[in-house]
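Heads up, coords-v9.csv below (CSV, C-alpha atoms):
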```csv
chain,number,residue,atom,x,y,z
J,561,MET,CA,89.8,122.2,31.3
J,562,PHE,CA,86.0,122.3,30.8
J,563,GLY,CA,85.4,118.6,30.0
J,564,ARG,CA,87.1,117.5,33.3
J,565,ARG,CA,84.3,119.0,35.5
J,566,GLN,CA,81.6,117.2,33.5
J,567,SER,CA,83.3,113.8,33.8
J,568,LYS,CA,83.8,114.4,37.6
J,569,GLU,CA,80.0,115.1,37.9
J,570,LYS,CA,79.2,111.9,35.9
J,571,LYS,CA,81.5,109.8,38.1
J,572,GLU,CA,79.9,111.2,41.3
J,573,HIS,CA,76.4,110.5,39.9
J,574,SER,CA,77.3,107.0,38.9
J,575,ARG,CA,78.7,106.3,42.4
J,576,LEU,CA,75.5,107.6,44.0
J,577,ILE,CA,73.4,105.3,41.7
J,578,GLU,CA,75.6,102.3,42.7
J,579,ARG,CA,75.0,103.2,46.4
J,580,LEU,CA,71.2,103.4,45.8
J,581,ASP,CA,70.9,99.9,44.4
J,582,GLU,CA,68.9,97.6,46.8
J,583,ARG,CA,68.5,100.4,49.4
J,584,ILE,CA,65.6,99.9,51.7
J,585,VAL,CA,63.2,102.9,52.0
J,586,LYS,CA,60.8,103.8,54.8
J,587,TYR,CA,58.5,105.9,52.5
J,588,VAL,CA,58.5,107.7,49.2
J,589,THR,CA,57.0,111.1,48.5
J,590,GLN,CA,56.3,113.0,45.3
J,591,ARG,CA,56.8,116.8,45.4
J,592,ASP,CA,54.8,119.1,43.2
J,593,PRO,CA,57.3,121.5,41.7
J,594,GLU,CA,54.8,124.4,41.4
J,595,THR,CA,53.4,124.3,45.0
J,596,SER,CA,56.1,122.3,46.8
J,597,ILE,CA,53.5,120.1,48.4
J,598,GLU,CA,54.6,116.5,49.1
J,599,SER,CA,52.3,113.6,49.0
J,600,VAL,CA,53.3,110.0,50.1
J,601,ILE,CA,53.1,107.6,47.2
J,602,GLY,CA,54.5,104.5,48.9
J,603,ARG,CA,55.8,103.0,52.1
J,604,ASN,CA,58.2,100.1,53.0
J,605,GLY,CA,60.0,99.6,49.8
J,606,CYS,CA,63.3,99.2,47.9
J,607,ILE,CA,65.2,101.2,45.3
J,608,ASN,CA,66.6,99.1,42.3
J,609,THR,CA,69.0,100.5,39.7
J,610,LYS,CA,69.3,97.6,37.3
J,611,ASN,CA,69.2,97.7,33.4
J,612,GLY,CA,69.6,101.4,33.1
J,613,GLN,CA,66.5,102.2,35.1
J,614,ILE,CA,65.8,103.6,38.6
J,615,THR,CA,62.8,101.7,40.0
J,616,ILE,CA,61.2,102.1,43.4
J,617,VAL,CA,58.9,99.3,44.5
J,618,CYS,CA,56.8,99.8,47.7
J,619,ASP,CA,54.5,97.1,49.2
J,620,GLY,CA,54.9,94.9,46.1
J,621,SER,CA,53.9,97.5,43.5
J,622,GLU,CA,56.0,99.9,41.4
J,623,VAL,CA,55.6,103.5,42.4
J,624,PHE,CA,58.3,105.1,40.3
J,625,ARG,CA,60.5,104.3,37.3
J,626,CYS,CA,62.8,106.4,35.2
J,627,ASP,CA,65.9,106.1,33.0
J,628,ILE,CA,69.2,106.6,34.8
J,629,ASN,CA,70.5,108.9,32.1
J,630,GLN,CA,67.5,111.3,32.3
J,631,ALA,CA,67.5,111.5,36.1
J,632,ARG,CA,69.3,113.8,38.4
J,633,CYS,CA,69.9,112.4,41.8
J,634,GLY,CA,71.2,113.9,45.0
J,635,GLU,CA,71.3,112.9,48.6
J,636,LEU,CA,69.5,115.0,51.2
J,637,LEU,CA,71.7,117.1,53.4
J,638,SER,CA,70.8,115.0,56.4
J,639,LEU,CA,71.8,111.9,54.4
J,640,GLU,CA,68.5,110.3,55.3
J,641,GLY,CA,67.2,110.0,51.8
J,642,VAL,CA,67.6,110.8,48.1
J,643,ALA,CA,65.9,113.3,45.8
J,644,ILE,CA,65.4,112.2,42.2
J,645,HIS,CA,64.5,114.8,39.5
J,646,ALA,CA,63.2,113.1,36.4
J,647,THR,CA,60.6,113.4,33.6
J,648,ASP,CA,57.4,111.4,34.3
J,649,PRO,CA,56.9,109.2,31.2
J,650,SER,CA,53.1,109.2,31.6
J,651,THR,CA,52.6,112.9,31.8
J,652,GLY,CA,55.8,114.3,30.3
J,653,LYS,CA,56.2,116.8,33.2
J,654,GLU,CA,59.2,117.0,35.5
J,655,THR,CA,58.6,115.3,38.8
J,656,ILE,CA,60.5,115.2,42.0
J,657,ILE,CA,60.6,112.0,44.0
J,658,ILE,CA,62.1,111.9,47.5
J,659,ALA,CA,62.8,108.4,49.0
J,660,TYR,CA,63.6,108.3,52.7
J,661,TYR,CA,66.0,105.5,53.8
J,662,LYS,CA,65.0,103.1,56.5
J,663,TYR,CA,67.2,103.7,59.6
J,664,TYR,CA,68.6,100.8,61.5
J,665,ARG,CA,69.8,101.1,65.1
```
Could you render the structure as structure tokens?
Amino acid sequence: MFGRRQSKEKKEHSRLIERLDERIVKYVTQRDPETSIESVIGRNGCINTKNGQITIVCDGSEVFRCDINQARCGELLSLEGVAIHATDPSTGKETIIIAYYKYYR
């Protein structure tokens, strides 16, 4: 009864991670959890989810990396991007990364 919900959440999370792989992004922002101020950390990039890592590369340089098992991901309500909540390995604090997908017409 209780274990079923957890496995369903894990399945949905793994499906989202699979959809994110090789997704082109327009720009990536980092949100400060205390003040809710967003700052742009990269433009024109790609999300990769290989080898148990979520990596975002913009303009040829890595702007974000975290372990898949330690990240919580969710698509924005508009479905125009993804929010990634993870612990920053360099500072040890929780960080929120928002990657906005590139829109093709």
Report the distance between CA of Ser599 (chain J) and CA of Ile656 (chain J) in Å, rounded to one decimal place.
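About the pair CA of Ser599 (chain J) and CA of Ile656 (chain J): they are 10.9 Å apart.
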Would you compute the distance between CA of Glu594 (chain J) and CA of Cys633 (chain J)? Give it in Å to one decimal.
19.3 Å
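Residue nearest Glu582 (chain J), chosen from J:Ile644, J:Lys662, J:Gly602, J:Ile597 and counting all atoms listed in the file: J:Lys662.
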Between region 568-609 of chain J and region 620-631 of chain J, at 10 Å or less, what are the per-residue closest atom pairs and their distances in Å? Count all atoms listed in the file, order by chain and rising residue number, and return it as a tab-separated table.
```
residue	atom	partner	partner_atom	distance
J:Lys570	CA	J:Asn629	CA	10.0
J:His573	CA	J:Ile628	CA	9.6
J:Ser574	CA	J:Ile628	CA	9.1
J:Ile577	CA	J:Ile628	CA	8.2
J:Val588	CA	J:Val623	CA	8.5
J:Thr589	CA	J:Val623	CA	9.8
J:Gln590	CA	J:Phe624	CA	9.6
J:Ile601	CA	J:Val623	CA	6.8
J:Gly602	CA	J:Val623	CA	6.7
J:Arg603	CA	J:Val623	CA	9.7
J:Asn604	CA	J:Gly620	CA	9.2
J:Gly605	CA	J:Gly620	CA	7.9
J:Cys606	CA	J:Gly620	CA	9.6
J:Ile607	CA	J:Phe624	CA	9.4
J:Asn608	CA	J:Arg625	CA	9.4
J:Thr609	CA	J:Ile628	CA	7.8
```
Counting only C-alpha atoms, which of J:Pro593, J:Lys568, J:Lys586, J:Tyr660 gets nearest to Leu636 (chain J)?
J:Tyr660
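One finds CA of Glu569 (chain J) at 29.9 Å from CA of Tyr664 (chain J).
Shortest separation to Val585 (chain J) among J:Glu635, J:Thr647, J:Ile616, J:Lys571 occurs at residue J:Ile616, atoms counted being only C-alpha atoms.
Closest approach to Ala659 (chain J) from the set J:Ala646, J:Arg583, J:Lys610, J:Asp592 is made by J:Arg583, with distances taken over all atoms listed in the file.
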Which residue out of J:Ser567, J:Ile657, J:Arg591, J:Glu572 has the minimum interatomic distance to Val642 (chain J) when only C-alpha atoms are used?
J:Ile657
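You can rank J:Arg579, J:Ser638, J:Asp619, J:Val600 by their closest distance to Ile658 (chain J) using all atoms listed in the file, and at the top of that list sits J:Val600.
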Can you give me N, CA and C atoms for region 640-665 of chain J, written as a tab-separated table (two decimals), in the frame of the given file?
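New file selection.tsv:
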```
chain	number	residue	atom	x	y	z
J	640	GLU	N	69.55	111.21	54.97
J	640	GLU	CA	68.50	110.30	55.30
J	640	GLU	C	67.64	109.90	54.12
J	641	GLY	N	68.02	110.32	52.94
J	641	GLY	CA	67.20	110.00	51.80
J	641	GLY	C	67.87	110.55	50.49
J	642	VAL	N	67.15	110.38	49.40
J	642	VAL	CA	67.60	110.80	48.10
J	642	VAL	C	66.50	111.54	47.37
J	643	ALA	N	66.85	112.59	46.63
J	643	ALA	CA	65.90	113.30	45.80
J	643	ALA	C	66.20	112.98	44.34
J	644	ILE	N	65.19	112.57	43.60
J	644	ILE	CA	65.40	112.20	42.20
J	644	ILE	C	64.51	113.14	41.36
J	645	HIS	N	65.15	113.89	40.47
J	645	HIS	CA	64.50	114.80	39.50
J	645	HIS	C	64.45	114.09	38.19
J	646	ALA	N	63.27	113.85	37.65
J	646	ALA	CA	63.20	113.10	36.40
J	646	ALA	C	61.87	113.57	35.67
J	647	THR	N	61.77	113.21	34.40
J	647	THR	CA	60.60	113.40	33.60
J	647	THR	C	59.65	112.25	33.78
J	648	ASP	N	58.41	112.49	34.15
J	648	ASP	CA	57.40	111.40	34.30
J	648	ASP	C	57.02	110.94	32.91
J	649	PRO	N	57.23	109.66	32.59
J	649	PRO	CA	56.90	109.20	31.20
J	649	PRO	C	55.42	109.24	30.92
J	650	SER	N	54.55	109.16	31.91
J	650	SER	CA	53.10	109.20	31.60
J	650	SER	C	52.58	110.56	31.32
J	651	THR	N	53.09	111.58	32.04
J	651	THR	CA	52.60	112.90	31.80
J	651	THR	C	53.53	113.81	31.02
J	652	GLY	N	54.81	113.48	30.99
J	652	GLY	CA	55.80	114.30	30.30
J	652	GLY	C	56.27	115.49	31.07
J	653	LYS	N	55.80	115.66	32.30
J	653	LYS	CA	56.20	116.80	33.20
J	653	LYS	C	57.34	116.34	34.07
J	654	GLU	N	58.13	117.32	34.54
J	654	GLU	CA	59.20	117.00	35.50
J	654	GLU	C	58.58	116.70	36.84
J	655	THR	N	59.10	115.67	37.47
J	655	THR	CA	58.60	115.30	38.80
J	655	THR	C	59.80	115.14	39.74
J	656	ILE	N	59.53	115.35	41.01
J	656	ILE	CA	60.50	115.20	42.00
J	656	ILE	C	60.09	114.14	43.01
J	657	ILE	N	60.89	113.10	43.12
J	657	ILE	CA	60.60	112.00	44.00
J	657	ILE	C	61.64	112.01	45.13
J	658	ILE	N	61.17	111.90	46.36
J	658	ILE	CA	62.10	111.90	47.50
J	658	ILE	C	61.84	110.54	48.24
J	659	ALA	N	62.90	109.74	48.33
J	659	ALA	CA	62.80	108.40	49.00
J	659	ALA	C	63.64	108.56	50.31
J	660	TYR	N	62.98	108.28	51.43
J	660	TYR	CA	63.60	108.30	52.70
J	660	TYR	C	64.08	106.95	53.15
J	661	TYR	N	65.38	106.83	53.46
J	661	TYR	CA	66.00	105.50	53.80
J	661	TYR	C	65.41	105.03	55.14
J	662	LYS	N	65.38	103.72	55.26
J	662	LYS	CA	65.00	103.10	56.50
J	662	LYS	C	66.27	103.16	57.42
J	663	TYR	N	66.09	103.54	58.67
J	663	TYR	CA	67.20	103.70	59.60
J	663	TYR	C	67.23	102.55	60.56
J	664	TYR	N	68.39	101.91	60.62
J	664	TYR	CA	68.60	100.80	61.50
J	664	TYR	C	69.44	101.21	62.70
J	665	ARG	N	69.03	100.83	63.89
J	665	ARG	CA	69.80	101.10	65.10
J	665	ARG	C	70.51	99.93	65.59
```
